[in-house]
file my_file_32.cif (mmCIF, N, CA and C atoms)
data_data
#
loop_
_atom_site.label_atom_id
_atom_site.label_comp_id
_atom_site.auth_asym_id
_atom_site.auth_seq_id
_atom_site.Cartn_x
_atom_site.Cartn_y
_atom_site.Cartn_z
N MET A 1 0.86 -1.18 0.00
CA MET A 1 0.00 0.00 0.00
C MET A 1 0.90 1.24 0.00
N THR A 2 0.60 2.23 0.79
CA THR A 2 1.41 3.44 0.83
C THR A 2 1.90 3.72 2.24
N ALA A 3 2.97 4.49 2.35
CA ALA A 3 3.53 4.82 3.66
C ALA A 3 2.53 5.58 4.51
N GLY A 4 1.68 6.40 3.89
CA GLY A 4 0.70 7.17 4.63
C GLY A 4 -0.33 6.30 5.32
N ILE A 5 -0.55 5.13 4.80
CA ILE A 5 -1.50 4.22 5.42
C ILE A 5 -0.77 3.25 6.36
N ASP A 6 0.37 2.76 5.97
CA ASP A 6 1.06 1.73 6.73
C ASP A 6 1.53 2.18 8.11
N TRP A 7 1.81 3.45 8.30
CA TRP A 7 2.28 3.91 9.62
C TRP A 7 1.21 3.72 10.69
N THR A 8 -0.05 3.64 10.29
CA THR A 8 -1.11 3.51 11.29
C THR A 8 -1.02 2.20 12.05
N VAL A 9 -0.57 1.15 11.40
CA VAL A 9 -0.40 -0.14 12.07
C VAL A 9 0.66 0.00 13.16
N GLN A 10 1.77 0.65 12.82
CA GLN A 10 2.84 0.84 13.80
C GLN A 10 2.37 1.70 14.97
N ALA A 11 1.63 2.77 14.67
CA ALA A 11 1.15 3.66 15.73
C ALA A 11 0.17 2.93 16.65
N ALA A 12 -0.74 2.16 16.07
CA ALA A 12 -1.71 1.41 16.88
C ALA A 12 -0.99 0.39 17.76
N ASP A 13 -0.02 -0.30 17.21
CA ASP A 13 0.74 -1.27 18.00
C ASP A 13 1.50 -0.57 19.12
N PHE A 14 2.07 0.60 18.84
CA PHE A 14 2.83 1.34 19.83
C PHE A 14 1.97 1.76 21.02
N VAL A 15 0.80 2.34 20.74
CA VAL A 15 -0.03 2.82 21.85
C VAL A 15 -0.64 1.68 22.66
N LEU A 16 -0.69 0.49 22.09
CA LEU A 16 -1.24 -0.66 22.82
C LEU A 16 -0.16 -1.50 23.53
N ASP A 17 1.09 -1.12 23.37
CA ASP A 17 2.19 -1.87 23.97
C ASP A 17 2.23 -1.64 25.47
N THR A 18 1.71 -2.59 26.22
CA THR A 18 1.68 -2.46 27.69
C THR A 18 2.99 -2.95 28.32
N GLY A 19 3.90 -3.41 27.51
CA GLY A 19 5.19 -3.87 28.02
C GLY A 19 6.20 -2.75 28.19
N ARG A 20 5.90 -1.59 27.63
CA ARG A 20 6.79 -0.44 27.71
C ARG A 20 6.08 0.74 28.33
N CYS A 21 6.86 1.61 28.93
CA CYS A 21 6.30 2.83 29.50
C CYS A 21 5.76 3.72 28.38
N PRO A 22 4.51 4.15 28.46
CA PRO A 22 3.95 5.01 27.41
C PRO A 22 4.47 6.46 27.49
N VAL A 23 5.13 6.81 28.56
CA VAL A 23 5.66 8.17 28.71
C VAL A 23 7.05 8.28 28.07
N CYS A 24 7.97 7.41 28.49
CA CYS A 24 9.35 7.53 27.98
C CYS A 24 9.71 6.46 26.94
N ALA A 25 8.94 5.38 26.88
CA ALA A 25 9.17 4.26 25.96
C ALA A 25 10.55 3.64 26.13
N GLU A 26 11.16 3.87 27.28
CA GLU A 26 12.51 3.37 27.52
C GLU A 26 12.55 2.07 28.30
N ALA A 27 11.60 1.85 29.19
CA ALA A 27 11.69 0.69 30.07
C ALA A 27 10.34 0.02 30.22
N ALA A 28 10.40 -1.16 30.77
CA ALA A 28 9.18 -1.90 31.07
C ALA A 28 8.55 -1.32 32.33
N LEU A 29 7.27 -1.54 32.45
CA LEU A 29 6.58 -1.14 33.67
C LEU A 29 6.63 -2.28 34.67
N ASP A 30 6.88 -1.96 35.92
CA ASP A 30 6.88 -2.94 36.99
C ASP A 30 5.70 -2.61 37.89
N GLN A 31 4.63 -3.38 37.77
CA GLN A 31 3.39 -3.14 38.51
C GLN A 31 2.90 -1.71 38.32
N GLY A 32 3.00 -1.22 37.08
CA GLY A 32 2.50 0.10 36.74
C GLY A 32 3.48 1.23 36.96
N HIS A 33 4.69 0.94 37.43
CA HIS A 33 5.71 1.97 37.66
C HIS A 33 6.82 1.80 36.63
N CYS A 34 7.21 2.93 36.03
CA CYS A 34 8.30 2.88 35.06
C CYS A 34 9.64 2.89 35.80
N LEU A 35 10.49 1.96 35.42
CA LEU A 35 11.81 1.85 36.05
C LEU A 35 12.77 2.93 35.54
N ALA A 36 12.45 3.57 34.42
CA ALA A 36 13.34 4.59 33.87
C ALA A 36 12.93 6.01 34.25
N CYS A 37 11.67 6.39 34.00
CA CYS A 37 11.25 7.78 34.25
C CYS A 37 10.48 7.95 35.56
N GLY A 38 10.06 6.84 36.17
CA GLY A 38 9.40 6.89 37.45
C GLY A 38 7.90 7.15 37.43
N VAL A 39 7.30 7.24 36.27
CA VAL A 39 5.86 7.51 36.21
C VAL A 39 5.09 6.37 36.88
N ASP A 40 4.02 6.75 37.55
CA ASP A 40 3.18 5.76 38.24
C ASP A 40 1.86 5.63 37.48
N LEU A 41 1.68 4.51 36.83
CA LEU A 41 0.45 4.23 36.09
C LEU A 41 -0.26 3.01 36.68
N SER A 42 -0.12 2.84 37.98
CA SER A 42 -0.66 1.65 38.61
C SER A 42 -2.15 1.77 38.95
N GLY A 43 -2.67 2.95 39.03
CA GLY A 43 -4.06 3.12 39.44
C GLY A 43 -4.95 3.62 38.32
N THR A 44 -5.78 4.58 38.69
CA THR A 44 -6.75 5.16 37.76
C THR A 44 -6.06 5.76 36.54
N ALA A 45 -4.91 6.42 36.75
CA ALA A 45 -4.19 7.02 35.63
C ALA A 45 -3.81 5.98 34.58
N GLY A 46 -3.35 4.83 35.04
CA GLY A 46 -2.98 3.76 34.12
C GLY A 46 -4.17 3.21 33.36
N ARG A 47 -5.30 3.04 34.06
CA ARG A 47 -6.51 2.56 33.38
C ARG A 47 -6.99 3.59 32.35
N ASP A 48 -6.93 4.86 32.73
CA ASP A 48 -7.36 5.91 31.80
C ASP A 48 -6.46 5.96 30.56
N VAL A 49 -5.14 5.82 30.78
CA VAL A 49 -4.20 5.81 29.65
C VAL A 49 -4.48 4.61 28.75
N LEU A 50 -4.71 3.45 29.35
CA LEU A 50 -5.00 2.25 28.55
C LEU A 50 -6.31 2.41 27.79
N ASP A 51 -7.33 2.97 28.42
CA ASP A 51 -8.60 3.22 27.72
C ASP A 51 -8.40 4.17 26.54
N ALA A 52 -7.66 5.24 26.77
CA ALA A 52 -7.39 6.21 25.69
C ALA A 52 -6.56 5.57 24.59
N SER A 53 -5.60 4.75 24.98
CA SER A 53 -4.77 4.06 23.98
C SER A 53 -5.59 3.10 23.14
N THR A 54 -6.49 2.38 23.79
CA THR A 54 -7.36 1.45 23.07
C THR A 54 -8.26 2.20 22.09
N ALA A 55 -8.82 3.31 22.54
CA ALA A 55 -9.67 4.13 21.64
C ALA A 55 -8.85 4.68 20.49
N ALA A 56 -7.63 5.14 20.78
CA ALA A 56 -6.77 5.68 19.71
C ALA A 56 -6.43 4.60 18.69
N ALA A 57 -6.07 3.42 19.16
CA ALA A 57 -5.74 2.32 18.24
C ALA A 57 -6.95 1.93 17.40
N ARG A 58 -8.11 1.89 18.03
CA ARG A 58 -9.35 1.57 17.30
C ARG A 58 -9.60 2.62 16.22
N ALA A 59 -9.44 3.90 16.57
CA ALA A 59 -9.66 4.98 15.60
C ALA A 59 -8.63 4.92 14.46
N LEU A 60 -7.39 4.64 14.79
CA LEU A 60 -6.36 4.52 13.75
C LEU A 60 -6.65 3.36 12.81
N ARG A 61 -7.09 2.26 13.36
CA ARG A 61 -7.40 1.10 12.51
C ARG A 61 -8.62 1.35 11.64
N GLU A 62 -9.60 2.05 12.17
CA GLU A 62 -10.78 2.41 11.37
C GLU A 62 -10.38 3.38 10.26
N ARG A 63 -9.52 4.33 10.59
CA ARG A 63 -9.02 5.28 9.58
C ARG A 63 -8.30 4.52 8.47
N GLU A 64 -7.46 3.57 8.85
CA GLU A 64 -6.74 2.78 7.86
C GLU A 64 -7.72 2.01 6.97
N ARG A 65 -8.75 1.42 7.59
CA ARG A 65 -9.75 0.66 6.82
C ARG A 65 -10.43 1.57 5.81
N LEU A 66 -10.80 2.77 6.23
CA LEU A 66 -11.47 3.71 5.33
C LEU A 66 -10.55 4.15 4.20
N LEU A 67 -9.28 4.41 4.53
CA LEU A 67 -8.33 4.81 3.49
C LEU A 67 -8.09 3.69 2.48
N ARG A 68 -7.97 2.48 2.98
CA ARG A 68 -7.79 1.34 2.07
C ARG A 68 -9.01 1.16 1.17
N ALA A 69 -10.20 1.32 1.74
CA ALA A 69 -11.42 1.20 0.94
C ALA A 69 -11.48 2.29 -0.12
N ALA A 70 -11.11 3.51 0.25
CA ALA A 70 -11.11 4.61 -0.72
C ALA A 70 -10.08 4.35 -1.81
N HIS A 71 -8.93 3.82 -1.41
CA HIS A 71 -7.87 3.52 -2.39
C HIS A 71 -8.33 2.42 -3.35
N LEU A 72 -8.97 1.39 -2.82
CA LEU A 72 -9.45 0.31 -3.68
C LEU A 72 -10.58 0.79 -4.59
N ALA A 73 -11.46 1.64 -4.06
CA ALA A 73 -12.55 2.16 -4.88
C ALA A 73 -12.00 3.02 -6.01
N ARG A 74 -11.00 3.82 -5.71
CA ARG A 74 -10.39 4.68 -6.74
C ARG A 74 -9.72 3.82 -7.81
N ALA A 75 -9.05 2.77 -7.39
CA ALA A 75 -8.36 1.88 -8.33
C ALA A 75 -9.34 1.16 -9.24
N ALA A 76 -10.57 0.97 -8.78
CA ALA A 76 -11.57 0.25 -9.57
C ALA A 76 -12.19 1.12 -10.65
N VAL A 77 -12.04 2.45 -10.55
CA VAL A 77 -12.64 3.37 -11.52
C VAL A 77 -11.65 3.59 -12.66
N PRO A 78 -12.08 3.39 -13.91
CA PRO A 78 -11.17 3.61 -15.04
C PRO A 78 -10.64 5.04 -15.04
N HIS A 79 -9.39 5.19 -15.46
CA HIS A 79 -8.72 6.49 -15.46
C HIS A 79 -9.48 7.55 -16.27
N THR A 80 -10.06 7.15 -17.40
CA THR A 80 -10.77 8.13 -18.24
C THR A 80 -11.99 8.69 -17.54
N VAL A 81 -12.65 7.88 -16.72
CA VAL A 81 -13.83 8.35 -15.99
C VAL A 81 -13.40 9.34 -14.92
N ARG A 82 -12.32 9.02 -14.20
CA ARG A 82 -11.83 9.92 -13.15
C ARG A 82 -11.47 11.28 -13.73
N ALA A 83 -10.79 11.30 -14.85
CA ALA A 83 -10.34 12.56 -15.43
C ALA A 83 -11.52 13.39 -15.93
N SER A 84 -12.53 12.76 -16.47
CA SER A 84 -13.66 13.51 -17.03
C SER A 84 -14.64 13.96 -15.97
N SER A 85 -14.55 13.40 -14.77
CA SER A 85 -15.52 13.78 -13.76
C SER A 85 -14.99 14.82 -12.78
N ALA A 86 -13.91 15.48 -13.15
CA ALA A 86 -13.36 16.52 -12.27
C ALA A 86 -14.39 17.63 -12.09
N VAL A 87 -14.47 18.12 -10.89
CA VAL A 87 -15.46 19.15 -10.57
C VAL A 87 -14.99 20.49 -11.13
N GLN A 88 -15.86 21.12 -11.88
CA GLN A 88 -15.57 22.42 -12.44
C GLN A 88 -16.16 23.49 -11.54
N PRO A 89 -15.46 24.63 -11.38
CA PRO A 89 -16.05 25.69 -10.56
C PRO A 89 -17.33 26.20 -11.19
N ALA A 90 -18.30 26.49 -10.35
CA ALA A 90 -19.58 26.98 -10.83
C ALA A 90 -19.44 28.43 -11.26
N ALA A 91 -20.11 28.77 -12.35
CA ALA A 91 -20.10 30.15 -12.82
C ALA A 91 -20.97 30.98 -11.90
N GLN A 92 -20.50 32.20 -11.62
CA GLN A 92 -21.28 33.07 -10.74
C GLN A 92 -22.29 33.82 -11.59
N PRO A 93 -23.54 33.82 -11.20
CA PRO A 93 -24.56 34.52 -11.97
C PRO A 93 -24.24 36.01 -12.08
N ALA A 94 -24.56 36.59 -13.22
CA ALA A 94 -24.28 38.00 -13.46
C ALA A 94 -24.97 38.90 -12.44
N ALA A 95 -26.15 38.52 -12.00
CA ALA A 95 -26.89 39.34 -11.05
C ALA A 95 -26.12 39.46 -9.73
N SER A 96 -25.52 38.37 -9.25
CA SER A 96 -24.80 38.44 -7.98
C SER A 96 -23.53 39.25 -8.13
N VAL A 97 -22.91 39.25 -9.31
CA VAL A 97 -21.73 40.08 -9.55
C VAL A 97 -22.13 41.55 -9.50
N ALA A 98 -23.27 41.88 -10.10
CA ALA A 98 -23.74 43.26 -10.10
C ALA A 98 -24.07 43.72 -8.68
N VAL A 99 -24.68 42.87 -7.90
CA VAL A 99 -25.02 43.22 -6.51
C VAL A 99 -23.75 43.46 -5.71
N ALA A 100 -22.75 42.61 -5.87
CA ALA A 100 -21.48 42.76 -5.16
C ALA A 100 -20.79 44.05 -5.55
N ALA A 101 -20.80 44.39 -6.84
CA ALA A 101 -20.17 45.62 -7.30
C ALA A 101 -20.90 46.84 -6.74
N SER A 102 -22.21 46.79 -6.70
CA SER A 102 -22.99 47.89 -6.16
C SER A 102 -22.69 48.08 -4.67
N ALA A 103 -22.59 47.00 -3.93
CA ALA A 103 -22.29 47.08 -2.50
C ALA A 103 -20.90 47.66 -2.29
N ALA A 104 -19.96 47.30 -3.12
CA ALA A 104 -18.60 47.84 -3.00
C ALA A 104 -18.59 49.34 -3.27
N ARG A 105 -19.36 49.79 -4.27
CA ARG A 105 -19.43 51.24 -4.56
C ARG A 105 -20.02 51.98 -3.37
N ARG A 106 -21.06 51.42 -2.75
CA ARG A 106 -21.68 52.07 -1.58
C ARG A 106 -20.70 52.17 -0.42
N ARG A 107 -19.92 51.10 -0.18
CA ARG A 107 -18.94 51.13 0.91
C ARG A 107 -17.88 52.20 0.65
N ARG A 108 -17.42 52.29 -0.58
CA ARG A 108 -16.40 53.30 -0.91
C ARG A 108 -16.97 54.70 -0.73
N ALA A 109 -18.21 54.89 -1.12
CA ALA A 109 -18.84 56.20 -0.99
C ALA A 109 -18.99 56.58 0.48
N GLN A 110 -19.29 55.62 1.32
CA GLN A 110 -19.44 55.88 2.75
C GLN A 110 -18.11 56.17 3.42
N GLU A 111 -17.03 55.64 2.87
CA GLU A 111 -15.72 55.83 3.46
C GLU A 111 -15.10 57.17 3.08
N ARG A 112 -15.57 57.81 2.03
CA ARG A 112 -15.02 59.09 1.60
C ARG A 112 -15.38 60.18 2.62
N PRO A 113 -14.41 61.06 2.93
CA PRO A 113 -14.72 62.17 3.84
C PRO A 113 -15.66 63.17 3.16
N CYS A 114 -16.54 63.71 3.92
CA CYS A 114 -17.49 64.69 3.41
C CYS A 114 -16.78 66.03 3.25
N SER A 115 -16.97 66.74 2.14
CA SER A 115 -16.25 67.98 1.86
C SER A 115 -17.11 69.20 2.14
N ARG A 116 -18.10 69.12 2.98
CA ARG A 116 -18.99 70.26 3.25
C ARG A 116 -18.44 71.17 4.27
#
call {"tool": "encode", "arguments": {"input": "my_file_32.cif", "output": "structure tokens"}}
result
Amino acid sequence: MTAGIDWTVQAADFVLDTGRCPVCAEAALDQGHCLACGVDLSGTAGRDVLDASTAAARALRERERLLRAAHLARAAVPHTVRASSAVQPAAQPAASVAVAASAARRRRAQERPCSR
């Protein structure tokens, strides 16, 4: 696939790695305490971090699934169809151009100092 999609697997695996400290990533946790940086994730903080990590991994994997689906859908469409279906900017109606020009003239007139 592409590097933009593949990194999500690594990120999801990283945030779910309970064998390493999520703060410094240098050491293993010993009963929720990091032996390198000293962070204490043994209680509520650790559960909250794990919950957030699980949600983040789930979101990253869903994002990857959606990107892969979009990539596969794009690959299934013939190149000539993709090129011909490009969105063209809509033409602005002449009436709205005239209204905008009139409003601009009024603003300029109001900004001019009065010479009386």
call {"tool": "resolve_selection", "arguments": {"input": "my_file_32.cif", "expression": "the PyMOL selection byres ((chain A and resi 43-58) around 6.5)", "output": "number ranges by chain"}}
result
A: 11-13, 15-16, 32, 40-42, 59-63
call {"tool": "resolve_selection", "arguments": {"input": "my_file_32.cif", "expression": "the PyMOL selection byres (((chain A and resi 39 and name CA) around 12) and name CA)", "output": "list in words"}}
result
Arg20, Cys21, Pro22, Val23, Cys24, Ala25, Glu26, Ala27, Ala28, Leu29, Asp30, Gln31, Gly32, His33, Cys34, Leu35, Ala36, Cys37, Gly38, Asp40, Leu41, Ser42, Gly43, Ala45 and Gly46 of chain A
call {"tool": "atom_distance", "arguments": {"input": "my_file_32.cif", "atom1": "CA of Leu66 (chain A)", "atom2": "CA of Gln10 (chain A)"}}
result
16.9 Å
call {"tool": "atom_distance", "arguments": {"input": "my_file_32.cif", "atom1": "CA of Asp6 (chain A)", "atom2": "CA of Arg65 (chain A)"}}
result
10.9 Å
call {"tool": "atom_distance", "arguments": {"input": "my_file_32.cif", "atom1": "atom C of Thr18 (chain A)", "atom2": "atom C of Glu64 (chain A)"}}
result
24.4 Å
call {"tool": "decode", "arguments": {"input": "my_file_32.cif", "residues": "region 15-59 of chain A", "atoms": "N, CA and C atoms", "output": "PDB file, in the first residue's frame"}}
result
ATOM      1  N   VAL A  15       0.796   2.342  20.743  1.00  0.00           N
ATOM      2  CA  VAL A  15      -0.030   2.824  21.853  1.00  0.00           C
ATOM      3  C   VAL A  15      -0.638   1.684  22.664  1.00  0.00           C
ATOM      4  N   LEU A  16      -0.690   0.490  22.095  1.00  0.00           N
ATOM      5  CA  LEU A  16      -1.236  -0.665  22.821  1.00  0.00           C
ATOM      6  C   LEU A  16      -0.163  -1.496  23.529  1.00  0.00           C
ATOM      7  N   ASP A  17       1.092  -1.118  23.370  1.00  0.00           N
ATOM      8  CA  ASP A  17       2.192  -1.871  23.965  1.00  0.00           C
ATOM      9  C   ASP A  17       2.230  -1.638  25.471  1.00  0.00           C
ATOM     10  N   THR A  18       1.708  -2.588  26.224  1.00  0.00           N
ATOM     11  CA  THR A  18       1.681  -2.458  27.689  1.00  0.00           C
ATOM     12  C   THR A  18       2.986  -2.945  28.319  1.00  0.00           C
ATOM     13  N   GLY A  19       3.897  -3.413  27.510  1.00  0.00           N
ATOM     14  CA  GLY A  19       5.187  -3.872  28.018  1.00  0.00           C
ATOM     15  C   GLY A  19       6.195  -2.753  28.185  1.00  0.00           C
ATOM     16  N   ARG A  20       5.897  -1.591  27.626  1.00  0.00           N
ATOM     17  CA  ARG A  20       6.787  -0.439  27.714  1.00  0.00           C
ATOM     18  C   ARG A  20       6.075   0.738  28.331  1.00  0.00           C
ATOM     19  N   CYS A  21       6.861   1.612  28.925  1.00  0.00           N
ATOM     20  CA  CYS A  21       6.299   2.830  29.502  1.00  0.00           C
ATOM     21  C   CYS A  21       5.763   3.718  28.376  1.00  0.00           C
ATOM     22  N   PRO A  22       4.508   4.152  28.460  1.00  0.00           N
ATOM     23  CA  PRO A  22       3.954   5.013  27.409  1.00  0.00           C
ATOM     24  C   PRO A  22       4.467   6.456  27.487  1.00  0.00           C
ATOM     25  N   VAL A  23       5.128   6.808  28.565  1.00  0.00           N
ATOM     26  CA  VAL A  23       5.662   8.168  28.706  1.00  0.00           C
ATOM     27  C   VAL A  23       7.046   8.278  28.066  1.00  0.00           C
ATOM     28  N   CYS A  24       7.974   7.410  28.491  1.00  0.00           N
ATOM     29  CA  CYS A  24       9.352   7.532  27.975  1.00  0.00           C
ATOM     30  C   CYS A  24       9.706   6.461  26.945  1.00  0.00           C
ATOM     31  N   ALA A  25       8.938   5.381  26.884  1.00  0.00           N
ATOM     32  CA  ALA A  25       9.168   4.260  25.958  1.00  0.00           C
ATOM     33  C   ALA A  25      10.554   3.644  26.134  1.00  0.00           C
ATOM     34  N   GLU A  26      11.158   3.870  27.277  1.00  0.00           N
ATOM     35  CA  GLU A  26      12.512   3.374  27.523  1.00  0.00           C
ATOM     36  C   GLU A  26      12.551   2.069  28.300  1.00  0.00           C
ATOM     37  N   ALA A  27      11.600   1.850  29.187  1.00  0.00           N
ATOM     38  CA  ALA A  27      11.689   0.694  30.072  1.00  0.00           C
ATOM     39  C   ALA A  27      10.337   0.017  30.216  1.00  0.00           C
ATOM     40  N   ALA A  28      10.402  -1.157  30.770  1.00  0.00           N
ATOM     41  CA  ALA A  28       9.181  -1.897  31.069  1.00  0.00           C
ATOM     42  C   ALA A  28       8.554  -1.325  32.327  1.00  0.00           C
ATOM     43  N   LEU A  29       7.272  -1.538  32.450  1.00  0.00           N
ATOM     44  CA  LEU A  29       6.575  -1.139  33.665  1.00  0.00           C
ATOM     45  C   LEU A  29       6.632  -2.284  34.668  1.00  0.00           C
ATOM     46  N   ASP A  30       6.882  -1.956  35.919  1.00  0.00           N
ATOM     47  CA  ASP A  30       6.879  -2.941  36.990  1.00  0.00           C
ATOM     48  C   ASP A  30       5.702  -2.613  37.892  1.00  0.00           C
ATOM     49  N   GLN A  31       4.629  -3.380  37.768  1.00  0.00           N
ATOM     50  CA  GLN A  31       3.393  -3.144  38.510  1.00  0.00           C
ATOM     51  C   GLN A  31       2.901  -1.709  38.324  1.00  0.00           C
ATOM     52  N   GLY A  32       2.997  -1.222  37.077  1.00  0.00           N
ATOM     53  CA  GLY A  32       2.496   0.102  36.743  1.00  0.00           C
ATOM     54  C   GLY A  32       3.477   1.235  36.956  1.00  0.00           C
ATOM     55  N   HIS A  33       4.685   0.938  37.428  1.00  0.00           N
ATOM     56  CA  HIS A  33       5.707   1.968  37.657  1.00  0.00           C
ATOM     57  C   HIS A  33       6.818   1.804  36.626  1.00  0.00           C
ATOM     58  N   CYS A  34       7.212   2.930  36.032  1.00  0.00           N
ATOM     59  CA  CYS A  34       8.299   2.882  35.060  1.00  0.00           C
ATOM     60  C   CYS A  34       9.636   2.893  35.797  1.00  0.00           C
ATOM     61  N   LEU A  35      10.489   1.964  35.418  1.00  0.00           N
ATOM     62  CA  LEU A  35      11.809   1.854  36.050  1.00  0.00           C
ATOM     63  C   LEU A  35      12.769   2.925  35.542  1.00  0.00           C
ATOM     64  N   ALA A  36      12.449   3.574  34.421  1.00  0.00           N
ATOM     65  CA  ALA A  36      13.341   4.591  33.866  1.00  0.00           C
ATOM     66  C   ALA A  36      12.926   6.012  34.250  1.00  0.00           C
ATOM     67  N   CYS A  37      11.671   6.386  34.004  1.00  0.00           N
ATOM     68  CA  CYS A  37      11.253   7.777  34.253  1.00  0.00           C
ATOM     69  C   CYS A  37      10.475   7.951  35.556  1.00  0.00           C
ATOM     70  N   GLY A  38      10.060   6.835  36.169  1.00  0.00           N
ATOM     71  CA  GLY A  38       9.396   6.892  37.454  1.00  0.00           C
ATOM     72  C   GLY A  38       7.903   7.154  37.433  1.00  0.00           C
ATOM     73  N   VAL A  39       7.297   7.245  36.266  1.00  0.00           N
ATOM     74  CA  VAL A  39       5.859   7.507  36.210  1.00  0.00           C
ATOM     75  C   VAL A  39       5.087   6.371  36.879  1.00  0.00           C
ATOM     76  N   ASP A  40       4.019   6.745  37.551  1.00  0.00           N
ATOM     77  CA  ASP A  40       3.176   5.763  38.238  1.00  0.00           C
ATOM     78  C   ASP A  40       1.857   5.630  37.476  1.00  0.00           C
ATOM     79  N   LEU A  41       1.675   4.508  36.830  1.00  0.00           N
ATOM     80  CA  LEU A  41       0.452   4.226  36.086  1.00  0.00           C
ATOM     81  C   LEU A  41      -0.256   3.013  36.678  1.00  0.00           C
ATOM     82  N   SER A  42      -0.116   2.843  37.977  1.00  0.00           N
ATOM     83  CA  SER A  42      -0.664   1.650  38.613  1.00  0.00           C
ATOM     84  C   SER A  42      -2.146   1.773  38.947  1.00  0.00           C
ATOM     85  N   GLY A  43      -2.674   2.954  39.032  1.00  0.00           N
ATOM     86  CA  GLY A  43      -4.063   3.117  39.444  1.00  0.00           C
ATOM     87  C   GLY A  43      -4.952   3.620  38.325  1.00  0.00           C
ATOM     88  N   THR A  44      -5.783   4.583  38.694  1.00  0.00           N
ATOM     89  CA  THR A  44      -6.745   5.160  37.757  1.00  0.00           C
ATOM     90  C   THR A  44      -6.056   5.760  36.541  1.00  0.00           C
ATOM     91  N   ALA A  45      -4.913   6.416  36.748  1.00  0.00           N
ATOM     92  CA  ALA A  45      -4.192   7.025  35.628  1.00  0.00           C
ATOM     93  C   ALA A  45      -3.815   5.976  34.585  1.00  0.00           C
ATOM     94  N   GLY A  46      -3.355   4.829  35.045  1.00  0.00           N
ATOM     95  CA  GLY A  46      -2.981   3.755  34.124  1.00  0.00           C
ATOM     96  C   GLY A  46      -4.171   3.208  33.360  1.00  0.00           C
ATOM     97  N   ARG A  47      -5.296   3.040  34.062  1.00  0.00           N
ATOM     98  CA  ARG A  47      -6.508   2.562  33.382  1.00  0.00           C
ATOM     99  C   ARG A  47      -6.985   3.588  32.354  1.00  0.00           C
ATOM    100  N   ASP A  48      -6.929   4.858  32.734  1.00  0.00           N
ATOM    101  CA  ASP A  48      -7.355   5.910  31.798  1.00  0.00           C
ATOM    102  C   ASP A  48      -6.460   5.964  30.565  1.00  0.00           C
ATOM    103  N   VAL A  49      -5.141   5.815  30.783  1.00  0.00           N
ATOM    104  CA  VAL A  49      -4.205   5.809  29.645  1.00  0.00           C
ATOM    105  C   VAL A  49      -4.479   4.614  28.751  1.00  0.00           C
ATOM    106  N   LEU A  50      -4.710   3.446  29.355  1.00  0.00           N
ATOM    107  CA  LEU A  50      -4.999   2.250  28.554  1.00  0.00           C
ATOM    108  C   LEU A  50      -6.309   2.406  27.786  1.00  0.00           C
ATOM    109  N   ASP A  51      -7.326   2.971  28.420  1.00  0.00           N
ATOM    110  CA  ASP A  51      -8.598   3.220  27.722  1.00  0.00           C
ATOM    111  C   ASP A  51      -8.402   4.169  26.542  1.00  0.00           C
ATOM    112  N   ALA A  52      -7.656   5.237  26.773  1.00  0.00           N
ATOM    113  CA  ALA A  52      -7.394   6.206  25.694  1.00  0.00           C
ATOM    114  C   ALA A  52      -6.561   5.567  24.586  1.00  0.00           C
ATOM    115  N   SER A  53      -5.603   4.746  24.978  1.00  0.00           N
ATOM    116  CA  SER A  53      -4.765   4.063  23.984  1.00  0.00           C
ATOM    117  C   SER A  53      -5.586   3.096  23.142  1.00  0.00           C
ATOM    118  N   THR A  54      -6.492   2.381  23.787  1.00  0.00           N
ATOM    119  CA  THR A  54      -7.365   1.447  23.067  1.00  0.00           C
ATOM    120  C   THR A  54      -8.262   2.198  22.088  1.00  0.00           C
ATOM    121  N   ALA A  55      -8.816   3.314  22.539  1.00  0.00           N
ATOM    122  CA  ALA A  55      -9.665   4.129  21.644  1.00  0.00           C
ATOM    123  C   ALA A  55      -8.849   4.682  20.490  1.00  0.00           C
ATOM    124  N   ALA A  56      -7.627   5.136  20.775  1.00  0.00           N
ATOM    125  CA  ALA A  56      -6.768   5.677  19.713  1.00  0.00           C
ATOM    126  C   ALA A  56      -6.426   4.600  18.690  1.00  0.00           C
ATOM    127  N   ALA A  57      -6.074   3.417  19.160  1.00  0.00           N
ATOM    128  CA  ALA A  57      -5.744   2.317  18.243  1.00  0.00           C
ATOM    129  C   ALA A  57      -6.953   1.935  17.400  1.00  0.00           C
ATOM    130  N   ARG A  58      -8.111   1.893  18.029  1.00  0.00           N
ATOM    131  CA  ARG A  58      -9.347   1.573  17.296  1.00  0.00           C
ATOM    132  C   ARG A  58      -9.602   2.624  16.215  1.00  0.00           C
ATOM    133  N   ALA A  59      -9.436   3.897  16.565  1.00  0.00           N
ATOM    134  CA  ALA A  59      -9.656   4.981  15.596  1.00  0.00           C
ATOM    135  C   ALA A  59      -8.628   4.921  14.463  1.00  0.00           C
TER     136      ALA A  59
END
